[in-house]
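Peer 1: This is coords39.txt (compact mmCIF, C-alpha atoms).
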```txt
# COMPACT_ATOMS: atom_id res chain seq x y z
CA MET A 780 -51.18 41.83 -6.58
CA ASP A 781 -52.66 43.16 -9.84
CA LEU A 782 -55.46 40.62 -9.61
CA VAL A 783 -56.43 41.77 -6.10
CA VAL A 784 -56.40 45.44 -7.08
CA ALA A 785 -58.44 44.72 -10.22
CA GLY A 786 -60.94 42.66 -8.25
CA VAL A 787 -61.43 45.34 -5.61
CA ALA A 788 -61.71 48.13 -8.19
CA SER A 789 -64.24 46.14 -10.20
CA ALA A 790 -66.28 45.28 -7.11
CA VAL A 791 -66.34 48.90 -5.94
CA SER A 792 -67.41 50.17 -9.36
CA GLY A 793 -70.09 47.48 -9.61
CA GLY A 794 -71.41 48.40 -6.16
CA VAL A 795 -71.55 52.11 -6.92
CA VAL A 796 -73.31 51.45 -10.22
CA PHE A 797 -75.81 49.17 -8.46
CA CYS A 798 -76.61 51.98 -6.03
CA LEU A 799 -77.11 54.42 -8.91
CA ALA A 800 -79.34 51.92 -10.73
CA PHE A 801 -81.35 51.38 -7.55
CA ILE A 802 -81.89 55.13 -7.24
CA LEU A 803 -83.08 55.27 -10.86
CA PHE A 804 -85.38 52.34 -10.15
CA GLY A 805 -86.95 54.01 -7.14
CA SER A 806 -87.25 57.53 -8.50
CA HIS A 807 -87.89 57.12 -12.24
CA ASN A 808 -89.19 53.51 -12.47
CA VAL A 809 -86.32 52.45 -14.74
CA PRO A 810 -85.99 48.65 -14.49
CA LEU A 811 -83.09 47.77 -12.22
CA TYR A 812 -81.40 45.46 -14.72
CA LEU A 813 -81.64 48.08 -17.47
CA GLY A 814 -80.15 50.89 -15.40
CA TYR A 815 -77.37 48.60 -14.18
CA ALA A 816 -76.59 47.33 -17.68
CA VAL A 817 -76.47 50.77 -19.28
CA ILE A 818 -74.46 52.51 -16.57
CA LEU A 819 -71.95 49.70 -15.95
CA GLY A 820 -71.63 49.08 -19.69
CA GLY A 821 -70.70 52.74 -20.11
CA VAL A 822 -68.24 52.59 -17.23
CA GLY A 823 -66.64 49.46 -18.66
CA ALA A 824 -66.39 50.89 -22.17
CA LEU A 825 -64.84 54.11 -20.86
CA CYS A 826 -62.45 52.14 -18.66
CA PHE A 827 -61.35 50.14 -21.68
CA ALA A 828 -61.07 53.16 -24.00
CA ILE A 829 -59.68 55.83 -21.68
CA GLY A 830 -58.04 53.78 -18.93
CA PRO A 831 -54.43 52.69 -18.82
CA LYS A 832 -53.34 50.25 -21.49
CA ASP A 833 -51.21 48.15 -19.18
CA ARG A 834 -52.01 44.75 -17.69
CA GLY A 835 -53.76 46.17 -14.60
CA GLY A 836 -56.00 48.47 -16.62
CA ARG A 837 -57.11 45.62 -18.87
CA MET A 838 -57.77 43.44 -15.83
CA VAL A 839 -60.01 46.11 -14.29
CA ALA A 840 -61.88 46.50 -17.59
CA GLY A 841 -62.25 42.72 -17.81
CA GLY A 842 -63.53 42.53 -14.22
CA ILE A 843 -66.08 45.24 -14.92
CA GLY A 844 -67.14 43.38 -18.06
CA LEU A 845 -67.56 40.17 -16.07
CA LEU A 846 -69.62 41.96 -13.41
CA TRP A 847 -71.67 43.55 -16.19
CA LEU A 848 -72.57 40.16 -17.66
CA ILE A 849 -73.23 38.37 -14.37
CA GLY A 850 -75.01 41.30 -12.70
CA THR A 851 -77.26 42.09 -15.63
CA ALA A 852 -78.23 38.43 -16.06
CA GLY A 853 -78.90 38.06 -12.34
CA LEU A 854 -80.97 41.22 -12.09
CA PHE A 855 -82.89 40.29 -15.23
CA ALA A 856 -83.67 36.85 -13.82
CA ALA A 857 -84.82 38.34 -10.49
CA ARG A 858 -86.77 41.25 -11.97
CA ALA A 859 -90.17 39.89 -10.86
CA ASP A 860 -88.99 39.52 -7.27
CA ILE A 861 -87.62 43.06 -6.92
CA VAL A 862 -90.46 45.26 -5.71
CA ILE A 863 -90.32 48.58 -3.89
CA SER A 864 -93.58 49.33 -2.15
CA PRO A 865 -94.62 52.98 -2.34
CA HIS A 866 -94.47 54.98 0.85
CA ARG A 867 -97.86 56.62 1.18
CA HIS A 868 -99.69 58.02 4.16
CA ALA A 869 -103.36 57.11 3.99
CA THR A 870 -104.62 59.35 6.78
CA VAL A 871 -103.34 62.10 9.01
CA VAL A 872 -102.82 60.77 12.51
CA GLN A 873 -103.42 64.04 14.31
CA PRO A 874 -104.20 67.37 12.66
CA VAL A 875 -101.93 70.29 13.49
CA ILE A 876 -103.69 73.52 14.43
CA VAL A 877 -101.68 76.73 14.50
CA GLU A 878 -103.14 79.57 16.54
CA SER A 879 -101.83 83.09 16.62
CA GLN A 880 -100.67 84.46 19.98
CA GLY A 881 -102.29 87.89 20.15
CA GLY A 882 -100.07 90.64 21.51
CA GLN A 883 -96.68 89.02 20.99
CA GLY A 884 -94.68 90.46 18.16
CA SER A 885 -97.53 92.51 16.73
CA THR A 886 -97.50 96.29 16.57
```
Would you write the structure of this file as structure tokens?
Peer 2:
Amino acid sequence: MDLVVAGVASAVSGGVVFCLAFILFGSHNVPLYLGYAVILGGVGALCFAIGPKDRGGRMVAGGIGLLWLIGTAGLFAARADIVISPHRHATVVQPVIVESQGGQGST
């Protein structure tokens, strides 16, 4: 049972950290593997240092460490294939013209 709980907790933390790293990648151009490695490394270190010292706590920290190694290596290997195209509007489709309605609301 401890193994299942540790696996789910590690997977959830890895998924949340991936989402945070993806946000950093899109908004601040931080490489995805770097954001993932730094954030999940910090989470794993804090889990090991501050978390419970029992068997389950060490299993969660170990699972996070394993995800840190595998995820960082995978994202580093796929870094050339991960591209977010910018969302830009080249032209205005139809201009918006606002005209004042004389007489309504004016004194």
Peer 1: Skipping near chain neighbours, those fewer than 6 positions away, what residues fall within 9 Å of stretch 825-828 of chain A using only C-alpha atoms, listed as a list in words?
Peer 2: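 Everything that qualifies: Gly836, Arg837, Val839, Ala840, Gly841 and Ile843 of chain A.
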Peer 1: Need to verify the contact set: stretch 789-793 of chain A, 12 Å, all atoms listed in the file, exclusion of same-chain residues closer than 6 positions in sequence. Can you return it as a PDB file with C-alpha atoms, keeping the file's coordinate frame?
Peer 2:
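After the write, out13.pdb holds the following:
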```
ATOM      1  CA  ASP A 781     -52.660  43.160  -9.840  1.00  0.00           C
ATOM      2  CA  LEU A 782     -55.460  40.620  -9.610  1.00  0.00           C
ATOM      3  CA  VAL A 783     -56.430  41.770  -6.100  1.00  0.00           C
ATOM      4  CA  LEU A 799     -77.110  54.420  -8.910  1.00  0.00           C
ATOM      5  CA  ALA A 800     -79.340  51.920 -10.730  1.00  0.00           C
ATOM      6  CA  TYR A 815     -77.370  48.600 -14.180  1.00  0.00           C
ATOM      7  CA  ALA A 816     -76.590  47.330 -17.680  1.00  0.00           C
ATOM      8  CA  ILE A 818     -74.460  52.510 -16.570  1.00  0.00           C
ATOM      9  CA  LEU A 819     -71.950  49.700 -15.950  1.00  0.00           C
ATOM     10  CA  GLY A 820     -71.630  49.080 -19.690  1.00  0.00           C
ATOM     11  CA  GLY A 821     -70.700  52.740 -20.110  1.00  0.00           C
ATOM     12  CA  VAL A 822     -68.240  52.590 -17.230  1.00  0.00           C
ATOM     13  CA  GLY A 823     -66.640  49.460 -18.660  1.00  0.00           C
ATOM     14  CA  CYS A 826     -62.450  52.140 -18.660  1.00  0.00           C
ATOM     15  CA  GLY A 835     -53.760  46.170 -14.600  1.00  0.00           C
ATOM     16  CA  GLY A 836     -56.000  48.470 -16.620  1.00  0.00           C
ATOM     17  CA  ARG A 837     -57.110  45.620 -18.870  1.00  0.00           C
ATOM     18  CA  MET A 838     -57.770  43.440 -15.830  1.00  0.00           C
ATOM     19  CA  VAL A 839     -60.010  46.110 -14.290  1.00  0.00           C
ATOM     20  CA  ALA A 840     -61.880  46.500 -17.590  1.00  0.00           C
ATOM     21  CA  GLY A 841     -62.250  42.720 -17.810  1.00  0.00           C
ATOM     22  CA  GLY A 842     -63.530  42.530 -14.220  1.00  0.00           C
ATOM     23  CA  ILE A 843     -66.080  45.240 -14.920  1.00  0.00           C
ATOM     24  CA  GLY A 844     -67.140  43.380 -18.060  1.00  0.00           C
ATOM     25  CA  LEU A 845     -67.560  40.170 -16.070  1.00  0.00           C
ATOM     26  CA  LEU A 846     -69.620  41.960 -13.410  1.00  0.00           C
ATOM     27  CA  TRP A 847     -71.670  43.550 -16.190  1.00  0.00           C
ATOM     28  CA  LEU A 848     -72.570  40.160 -17.660  1.00  0.00           C
ATOM     29  CA  ILE A 849     -73.230  38.370 -14.370  1.00  0.00           C
ATOM     30  CA  GLY A 850     -75.010  41.300 -12.700  1.00  0.00           C
ATOM     31  CA  THR A 851     -77.260  42.090 -15.630  1.00  0.00           C
TER      32      THR A 851
END
```
Peer 1: Rounded to one decimal place, report the atom CA of A:Tyr812-atom CA of A:Val796 distance in Å.
Peer 2: 11.0 Å
Peer 1: Tell me, in Å to one decimal, how far atom CA of A:Ser864 is from atom CA of A:Val795.
Peer 2: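 Between these atoms lies a distance of 22.7 Å.
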Peer 1: Show me, as a count of residues only, the residues that have an atom within 9 Å of A:Leu811 when counting only C-alpha atoms, minus same-chain residues fewer than 6 positions from it.
Peer 2: 12
Peer 1: Which is closer to A:Ile863 than all the others in A:Asn808, A:Leu813, A:Met780, A:Ala788, using all atoms listed in the file?
Peer 2: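 Using all atoms listed in the file, the shortest distance to A:Ile863 belongs to A:Asn808.
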Peer 1: How many Å separate atom CA of A:Val817 from atom CA of A:Gly794?
Peer 2: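 These two atoms are separated by 14.3 Å.
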Peer 1: So which one's closest to A:Ala785, A:Cys798, A:Ala824, A:Arg834, A:Ala856? Using all atoms listed in the file, please.
Peer 2: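 Closest to A:Ala785, using all atoms listed in the file: A:Arg834.
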